[in-house]
$ cat upload26.cif   # mmCIF, C-alpha atoms
data_final
loop_
_atom_site.label_atom_id
_atom_site.label_comp_id
_atom_site.auth_asym_id
_atom_site.auth_seq_id
_atom_site.Cartn_x
_atom_site.Cartn_y
_atom_site.Cartn_z
CA MET A 1 53.87 -19.15 132.66
CA ALA A 2 50.27 -18.12 133.38
CA ASN A 3 47.67 -20.89 133.69
CA TYR A 4 44.41 -18.92 133.61
CA VAL A 5 42.55 -16.35 131.51
CA PHE A 6 39.15 -14.67 131.81
CA GLY A 7 36.63 -14.37 128.97
CA VAL A 8 34.00 -11.61 129.24
CA ASP A 9 30.97 -10.98 127.03
CA ILE A 10 29.06 -7.76 127.76
CA GLY A 11 25.39 -7.81 126.78
CA GLY A 12 22.65 -5.24 127.23
CA THR A 13 21.15 -7.03 130.26
CA THR A 14 23.86 -9.36 131.60
CA VAL A 15 27.64 -9.71 131.51
CA LYS A 16 28.83 -13.29 131.01
CA ILE A 17 32.20 -14.05 132.62
CA GLY A 18 34.19 -17.26 132.34
CA LEU A 19 37.36 -18.54 133.99
CA PHE A 20 39.39 -20.64 131.56
CA THR A 21 42.71 -22.43 131.51
CA THR A 22 45.18 -21.18 128.91
CA GLN A 23 44.54 -24.47 127.05
CA GLY A 24 40.97 -23.26 126.42
CA GLU A 25 39.12 -25.38 128.97
CA MET A 26 36.27 -23.59 130.76
CA VAL A 27 36.64 -23.93 134.53
CA GLU A 28 33.54 -21.97 135.49
CA LYS A 29 31.13 -19.38 134.09
CA TRP A 30 28.71 -16.95 135.72
CA GLU A 31 26.73 -13.78 135.02
CA ILE A 32 26.35 -10.36 136.58
CA THR A 33 23.80 -7.66 135.79
CA THR A 34 24.77 -5.03 133.21
CA ARG A 35 24.14 -1.71 134.98
CA THR A 36 23.46 0.64 132.08
CA ASP A 37 22.29 3.55 134.26
CA GLU A 38 24.34 6.77 134.35
CA GLY A 39 25.87 6.09 130.93
CA GLY A 40 27.05 2.61 131.88
CA LYS A 41 29.74 3.99 134.18
CA TYR A 42 29.51 1.04 136.61
CA ILE A 43 29.90 -1.77 134.07
CA LEU A 44 33.71 -2.06 134.06
CA SER A 45 34.04 -1.66 137.84
CA ASP A 46 31.38 -4.37 138.31
CA ILE A 47 33.35 -6.69 136.01
CA ALA A 48 36.59 -5.93 137.84
CA ALA A 49 34.97 -6.63 141.21
CA SER A 50 33.53 -9.94 139.96
CA VAL A 51 36.92 -11.05 138.58
CA GLU A 52 38.66 -10.05 141.83
CA ASP A 53 36.09 -12.03 143.84
CA LYS A 54 36.65 -15.13 141.69
CA LEU A 55 40.43 -14.85 142.03
CA ALA A 56 40.06 -14.66 145.82
CA GLU A 57 37.58 -17.56 145.89
CA LYS A 58 39.83 -19.80 143.77
CA LYS A 59 43.02 -18.54 145.50
CA ILE A 60 44.55 -17.62 142.12
CA GLU A 61 47.35 -15.04 142.04
CA LYS A 62 47.23 -12.35 139.34
CA SER A 63 50.68 -13.49 138.20
CA ASP A 64 48.98 -16.74 137.15
CA VAL A 65 46.47 -14.92 134.89
CA ALA A 66 47.40 -14.20 131.26
CA GLY A 67 44.74 -11.50 130.94
CA VAL A 68 41.11 -10.70 130.22
CA GLY A 69 39.50 -10.89 126.78
CA MET A 70 36.29 -8.92 126.41
CA GLY A 71 33.54 -8.63 123.79
CA VAL A 72 31.46 -5.42 123.70
CA PRO A 73 28.28 -4.64 121.70
CA GLY A 74 29.72 -1.99 119.39
CA PRO A 75 32.68 -1.16 117.13
CA VAL A 76 36.13 -1.45 118.76
CA LYS A 77 39.27 -0.02 117.16
CA ALA A 78 42.59 -1.88 117.16
CA ASP A 79 43.87 0.16 120.15
CA GLY A 80 40.86 -0.84 122.32
CA THR A 81 38.80 2.32 121.78
CA VAL A 82 35.05 1.73 121.62
CA ILE A 83 33.13 3.87 119.14
CA LYS A 84 29.80 4.21 120.99
CA CYS A 85 27.96 1.24 122.47
CA VAL A 86 24.38 2.50 122.28
CA ASN A 87 22.92 -0.38 124.33
CA LEU A 88 25.34 0.33 127.19
CA GLY A 89 25.21 4.11 127.13
CA TRP A 90 28.93 4.30 126.34
CA GLY A 91 30.48 7.04 124.22
CA ILE A 92 34.04 6.93 122.88
CA PHE A 93 36.80 5.76 125.24
CA ASN A 94 39.54 3.13 125.53
CA VAL A 95 37.87 0.17 127.21
CA GLU A 96 41.09 -1.90 127.33
CA GLU A 97 42.98 0.78 129.25
CA GLU A 98 40.12 1.42 131.68
CA LEU A 99 39.61 -2.22 132.69
CA SER A 100 43.35 -2.88 132.75
CA LYS A 101 43.80 -0.02 135.26
CA LEU A 102 41.04 -1.42 137.48
CA LEU A 103 42.36 -5.00 137.44
CA GLU A 104 46.08 -4.49 136.90
CA LEU A 105 45.93 -7.22 134.26
CA PRO A 106 46.36 -7.16 130.46
CA VAL A 107 43.03 -6.63 128.65
CA LYS A 108 42.06 -7.25 125.02
CA ALA A 109 38.71 -6.06 123.66
CA GLY A 110 36.76 -6.53 120.46
CA ASN A 111 33.27 -6.33 119.03
CA ASP A 112 31.08 -9.03 120.58
CA ALA A 113 30.09 -10.60 117.24
CA ASN A 114 33.76 -10.73 116.18
CA MET A 115 34.63 -12.37 119.49
CA ALA A 116 31.86 -14.94 119.01
CA ALA A 117 33.18 -15.67 115.51
CA LEU A 118 36.70 -16.18 116.87
CA GLY A 119 35.35 -18.49 119.57
CA GLU A 120 33.35 -20.56 117.06
CA MET A 121 36.38 -20.83 114.79
CA TRP A 122 38.55 -22.00 117.69
CA GLN A 123 36.30 -24.41 119.60
CA GLY A 124 32.87 -24.41 117.89
CA GLY A 125 31.11 -24.82 114.55
CA GLY A 126 34.10 -23.49 112.61
CA LYS A 127 36.71 -25.66 114.36
CA GLY A 128 39.37 -26.87 111.95
CA HIS A 129 38.95 -23.84 109.68
CA GLN A 130 40.92 -20.61 109.47
CA ASP A 131 38.62 -18.58 107.20
CA VAL A 132 35.18 -18.27 108.77
CA VAL A 133 32.25 -15.87 108.55
CA MET A 134 29.89 -16.06 111.51
CA ILE A 135 26.38 -14.64 111.35
CA THR A 136 24.41 -14.19 114.57
CA LEU A 137 20.63 -14.06 114.23
CA GLY A 138 19.33 -12.64 117.50
CA THR A 139 17.44 -9.48 118.40
CA GLY A 140 19.55 -8.00 115.61
CA VAL A 141 21.92 -9.51 113.05
CA GLY A 142 25.60 -9.57 113.98
CA GLY A 143 28.57 -10.78 112.01
CA GLY A 144 32.20 -11.63 112.48
CA ILE A 145 34.92 -12.27 109.90
CA ILE A 146 37.93 -14.47 110.62
CA ARG A 147 40.72 -14.52 108.02
CA GLU A 148 43.71 -16.83 108.54
CA GLY A 149 42.66 -17.27 112.17
CA LYS A 150 42.50 -13.53 112.94
CA ILE A 151 39.57 -11.14 113.34
CA VAL A 152 39.05 -8.73 110.44
CA ALA A 153 37.78 -5.71 112.38
CA GLY A 154 38.40 -3.00 109.78
CA VAL A 155 39.73 0.53 110.28
CA ASN A 156 36.70 1.69 112.31
CA GLY A 157 35.98 -1.62 114.01
CA ALA A 158 32.95 -2.06 111.74
CA GLY A 159 34.18 -5.08 109.76
CA GLY A 160 31.57 -7.83 109.83
CA GLU A 161 28.57 -5.54 110.42
CA ILE A 162 26.57 -7.79 108.11
CA GLY A 163 23.28 -6.80 109.76
CA HIS A 164 23.61 -3.30 108.35
CA MET A 165 24.15 -4.26 104.73
CA PRO A 166 21.50 -2.32 102.74
CA MET A 167 19.12 -4.90 101.24
CA VAL A 168 15.79 -3.20 100.46
CA ASP A 169 15.49 0.21 98.78
CA ASP A 170 11.85 1.11 99.46
CA GLU A 171 11.73 0.44 103.23
CA SER A 172 9.78 3.09 105.14
CA GLU A 173 10.82 2.21 108.70
CA CYS A 174 14.20 2.97 110.24
CA CYS A 175 16.65 0.37 111.48
CA GLY A 176 18.17 0.94 114.93
CA CYS A 177 21.28 2.27 113.17
CA GLY A 178 19.25 5.07 111.57
CA LYS A 179 19.32 3.72 108.01
CA LYS A 180 16.42 2.04 106.20
CA GLY A 181 16.36 -1.40 104.58
CA CYS A 182 19.16 -3.09 106.57
CA LEU A 183 19.38 -6.90 106.63
CA GLU A 184 18.71 -6.76 110.38
CA GLN A 185 15.20 -5.44 109.71
CA TYR A 186 14.27 -8.73 108.01
CA ALA A 187 16.58 -11.58 109.06
CA SER A 188 16.78 -11.03 112.83
CA ALA A 189 14.27 -12.58 115.25
CA ASN A 190 12.49 -9.21 115.44
CA GLY A 191 12.79 -8.85 111.67
CA LEU A 192 11.18 -12.23 110.99
CA VAL A 193 8.21 -11.25 113.18
CA ARG A 194 7.92 -7.95 111.28
CA VAL A 195 8.04 -9.74 107.92
CA ALA A 196 5.33 -12.15 109.09
CA GLU A 197 3.13 -9.33 110.41
CA ARG A 198 3.42 -7.46 107.12
CA TYR A 199 2.67 -10.58 105.11
CA ILE A 200 -0.46 -11.42 107.14
CA ALA A 201 -1.70 -7.81 106.97
CA ALA A 202 -1.31 -7.84 103.18
CA HIS A 203 -2.81 -11.34 102.68
CA ARG A 204 -5.95 -11.42 104.82
CA ASP A 205 -7.31 -14.29 102.73
CA VAL A 206 -4.46 -16.66 103.74
CA ALA A 207 -5.40 -19.02 106.58
CA THR A 208 -2.81 -18.91 109.37
CA LYS A 209 -2.43 -19.81 113.02
CA LEU A 210 -0.38 -16.65 113.57
CA ASP A 211 -2.66 -14.11 115.25
CA LEU A 212 -1.82 -10.46 114.56
CA ASN A 213 -4.01 -9.29 117.46
CA ALA A 214 -2.52 -11.65 120.05
CA GLY A 215 1.04 -11.15 118.83
CA PHE A 216 3.65 -13.84 118.18
CA THR A 217 7.39 -14.52 118.39
CA ALA A 218 10.00 -15.60 115.86
CA LYS A 219 9.78 -19.11 117.33
CA ASP A 220 6.03 -19.07 116.66
CA VAL A 221 6.69 -18.13 113.02
CA CYS A 222 9.26 -20.93 112.60
CA ASP A 223 7.01 -23.47 114.32
CA ALA A 224 4.13 -22.42 112.06
CA ALA A 225 6.34 -22.80 108.98
CA LYS A 226 7.45 -26.28 110.11
CA ALA A 227 3.76 -27.22 110.51
CA GLY A 228 2.99 -26.14 106.93
CA ASP A 229 1.35 -22.80 107.81
CA ALA A 230 1.28 -20.68 104.61
CA ALA A 231 2.03 -17.35 106.32
CA GLY A 232 4.84 -18.89 108.39
CA ILE A 233 6.42 -20.43 105.30
CA ALA A 234 6.12 -17.17 103.32
CA ALA A 235 7.71 -15.14 106.12
CA VAL A 236 10.64 -17.54 106.55
CA GLU A 237 11.17 -17.62 102.77
CA GLN A 238 11.19 -13.80 102.50
CA SER A 239 13.45 -13.35 105.49
CA MET A 240 15.97 -16.08 104.63
CA LYS A 241 16.04 -15.09 100.95
CA LEU A 242 17.56 -11.77 102.02
CA LEU A 243 19.99 -13.53 104.36
CA GLY A 244 21.07 -15.91 101.57
CA LYS A 245 21.53 -12.99 99.21
CA ALA A 246 23.62 -11.10 101.80
CA MET A 247 25.79 -14.18 102.40
CA ALA A 248 26.38 -14.48 98.65
CA ALA A 249 27.57 -10.86 98.58
CA VAL A 250 29.87 -11.50 101.56
CA ALA A 251 31.29 -14.58 99.81
CA CYS A 252 32.19 -12.47 96.77
CA VAL A 253 34.46 -10.39 99.01
CA MET A 254 35.60 -12.89 101.63
CA ASP A 255 35.19 -16.37 100.04
CA PRO A 256 35.24 -18.19 103.42
CA GLU A 257 35.69 -21.91 104.05
CA VAL A 258 32.49 -21.95 106.10
CA PHE A 259 29.60 -19.79 107.26
CA VAL A 260 28.66 -20.44 110.90
CA VAL A 261 25.15 -19.33 111.87
CA GLY A 262 24.28 -18.77 115.53
CA GLY A 263 22.00 -16.70 117.75
CA GLY A 264 18.53 -17.41 119.12
CA LEU A 265 16.83 -17.63 115.72
CA SER A 266 19.27 -20.34 114.59
CA LYS A 267 17.80 -22.62 117.27
CA ALA A 268 14.91 -23.20 114.84
CA GLY A 269 17.47 -25.34 113.01
CA SER A 270 17.09 -26.65 109.49
CA ILE A 271 14.14 -24.49 108.46
CA ILE A 272 16.36 -21.41 108.91
CA ILE A 273 19.67 -22.88 107.72
CA ASP A 274 18.28 -24.84 104.76
CA THR A 275 16.15 -21.94 103.49
CA ALA A 276 19.07 -19.50 103.71
CA ALA A 277 21.35 -22.08 102.04
CA LYS A 278 18.87 -22.55 99.17
CA TYR A 279 18.95 -18.84 98.35
CA TYR A 280 22.70 -18.59 99.00
CA LYS A 281 23.30 -21.17 96.27
CA GLU A 282 20.97 -19.28 93.95
CA TYR A 283 22.80 -15.96 94.38
CA ALA A 284 26.41 -17.07 95.00
CA PHE A 285 29.22 -16.71 92.47
CA HIS A 286 29.82 -20.17 91.00
CA ALA A 287 33.23 -20.64 92.63
CA SER A 288 31.77 -20.16 96.12
CA ARG A 289 28.46 -21.97 95.63
CA GLU A 290 29.40 -25.07 97.66
CA THR A 291 30.65 -23.18 100.74
CA GLU A 292 29.53 -24.99 103.89
CA ILE A 293 26.85 -23.41 106.09
CA LYS A 294 26.90 -24.81 109.61
CA LEU A 295 25.19 -24.16 112.92
CA ALA A 296 27.19 -22.58 115.74
CA THR A 297 27.78 -24.94 118.68
CA LEU A 298 29.02 -22.80 121.60
CA GLY A 299 25.73 -20.98 122.26
CA ASN A 300 26.03 -17.90 124.45
CA SER A 301 29.54 -18.93 125.55
CA ALA A 302 31.06 -18.20 122.10
CA GLY A 303 32.02 -14.62 122.98
CA MET A 304 33.86 -15.72 126.12
CA TYR A 305 35.81 -18.35 124.15
CA GLY A 306 36.70 -15.67 121.60
CA GLY A 307 37.92 -13.35 124.33
CA VAL A 308 40.17 -16.09 125.68
CA LYS A 309 41.54 -16.87 122.23
CA MET A 310 42.28 -13.16 121.66
CA VAL A 311 44.39 -13.09 124.83
CA ILE A 312 46.32 -16.32 124.31
CA GLY A 313 46.74 -15.82 120.54
#
$ encode --input "upload26.cif" --output "structure tokens"
Amino acid sequence: MANYVFGVDIGGTTVKIGLFTTQGEMVEKWEITTRTDEGGKYILSDIAASVEDKLAEKKIEKSDVAGVGMGVPGPVKADGTVIKCVNLGWGIFNVEEELSKLLELPVKAGNDANMAALGEMWQGGGKGHQDVVMITLGTGVGGGIIREGKIVAGVNGAGGEIGHMPMVDDESECCGCGKKGCLEQYASANGLVRVAERYIAAHRDVATKLDLNAGFTAKDVCDAAKAGDAAGIAAVEQSMKLLGKAMAAVACVMDPEVFVVGGGLSKAGSIIIDTAAKYYKEYAFHASRETEIKLATLGNSAGMYGGVKMVIG
């Protein structure tokens, strides 16, 4: 009976790797650089080398390792095939098979947001629930759907791509996915800044501490809103109104026990959660109106926990 499992979360700049017991206890975590040059061809070999080094350091035999669970920033099909990871330079190939060959260990892979959702359901903000929708508000907007304790990835691995729900019809700028008017363009950290910039440009008469010329961050917008700044409040309201509306649409399909909200923007706390919840209640179907909305608790370790859970089942 194996005692250990590795959780891996591949990001655009770093790869987070954790050594866990099969009971779900984190023994140690560390990061390596994500080498995206030459089409990301070094990423898996770098991960394999780092895992091998840790096994040697801890004097752990491969026979004592249940496997490696890995989250990647893109759609992943049920057989482990990634369907383009733009941030990594990857095309279409079977990531499970490739890493398994390098490590001679079983490998399970999934979309990073789905892995984070699974992790939060298991050991985080969704603990105690089996039907969870996680929304990650970071540079973009990610999502993960857990139904009866299992990831709902969809046929093309695109289940839970909440950030690319079309929300605004008359948007002129393109989202990173190539469409226009996606939720991500308004409710992500970058989106909130964009909403604030547009609001200030259109309302020059409104006094605000947010300086268009100097530039500002999503944290600056949230801090301004907390301090009663009119432009900050307007931007948060506009942004979270669209998030609440999107969540209401998701609830009509999924009807989860709980929404778990994570990512860097969620660190602003109640001003984000409460504003989104206000609009969620306004737009939600009556049967789902009281669905809980909670903050994620595992931070940037959620994806690793999800990878571990995927391996141990």
$ closest_residue --input "upload26.cif" --among "A:Tyr279, A:Gly215, A:Tyr305, A:Ser188" --to "Gly263 (chain A)" --atoms "all atoms listed in the file"
A:Ser188
$ closest_atom_pairs --input "upload26.cif" --of "region 213-257 of chain A" --to "region 126-145 of chain A" --cutoff "10 Å" --atoms "all atoms listed in the file" --output "tab-separated table"
residue	atom	partner	partner_atom	distance
A:Ala218	CA	A:Gly138	CA	9.9
A:Leu243	CA	A:Ile135	CA	9.5
A:Met247	CA	A:Ile135	CA	9.0
A:Val250	CA	A:Val133	CA	8.6
A:Ala251	CA	A:Val133	CA	8.9
A:Met254	CA	A:Val133	CA	8.2
A:Asp255	CA	A:Asp131	CA	8.2
A:Pro256	CA	A:Asp131	CA	5.1
A:Glu257	CA	A:Asp131	CA	5.4
$ closest_residue --input "upload26.cif" --among "A:Gly74, A:Gly306, A:Gly178, A:Gly12" --to "Gly160 (chain A)" --atoms "all atoms listed in the file"
A:Gly74
$ resolve_selection --input "upload26.cif" --expression "the PyMOL selection byres ((chain A and resi 94-110) around 9)" --output "JSON, numbers by chain"
{"A": [44, 45, 47, 48, 49, 51, 52, 62, 63, 65, 66, 67, 68, 69, 70, 71, 72, 73, 74, 75, 76, 77, 78, 79, 80, 81, 82, 92, 93, 111, 112, 113, 114, 115, 151, 153, 157, 307, 310, 311]}
$ closest_residue --input "upload26.cif" --among "A:Phe216, A:Gly119, A:Ala248, A:Val195" --to "Ile233 (chain A)" --atoms "all atoms listed in the file"
A:Val195
$ residues_near_point --input "upload26.cif" --point "(29.1, -24.9, 122.6)" --cutoff "10 Å" --atoms "all atoms listed in the file" --output "list in words"
Gly119, Glu120, Gln123, Gly124, Gly125, Ala296, Thr297, Leu298, Gly299, Asn300, Ser301, Ala302 and Tyr305 of chain A
$ resolve_selection --input "upload26.cif" --expression "the PyMOL selection byres ((chain A and resi 220) around 12)" --output "PyMOL selection string"
chain A and resi 189-190+192-193+196-197+208-212+214-219+221-227+229+231-233+235-236+265+268
$ resolve_selection --input "upload26.cif" --expression "the PyMOL selection byres ((chain A and resi 37) around 12)" --output "PDB file with C-alpha atoms, keeping the file's coordinate frame"
ATOM      1  CA  GLY A  12      22.650  -5.240 127.230  1.00  0.00           C
ATOM      2  CA  THR A  13      21.150  -7.030 130.260  1.00  0.00           C
ATOM      3  CA  THR A  33      23.800  -7.660 135.790  1.00  0.00           C
ATOM      4  CA  THR A  34      24.770  -5.030 133.210  1.00  0.00           C
ATOM      5  CA  ARG A  35      24.140  -1.710 134.980  1.00  0.00           C
ATOM      6  CA  THR A  36      23.460   0.640 132.080  1.00  0.00           C
ATOM      7  CA  GLU A  38      24.340   6.770 134.350  1.00  0.00           C
ATOM      8  CA  GLY A  39      25.870   6.090 130.930  1.00  0.00           C
ATOM      9  CA  GLY A  40      27.050   2.610 131.880  1.00  0.00           C
ATOM     10  CA  LYS A  41      29.740   3.990 134.180  1.00  0.00           C
ATOM     11  CA  TYR A  42      29.510   1.040 136.610  1.00  0.00           C
ATOM     12  CA  ILE A  43      29.900  -1.770 134.070  1.00  0.00           C
ATOM     13  CA  ASN A  87      22.920  -0.380 124.330  1.00  0.00           C
ATOM     14  CA  LEU A  88      25.340   0.330 127.190  1.00  0.00           C
ATOM     15  CA  GLY A  89      25.210   4.110 127.130  1.00  0.00           C
ATOM     16  CA  TRP A  90      28.930   4.300 126.340  1.00  0.00           C
TER      17      TRP A  90
END
$ atom_distance --input "upload26.cif" --atom1 "CA of Leu183 (chain A)" --atom2 "CA of Val260 (chain A)"
17.0 Å
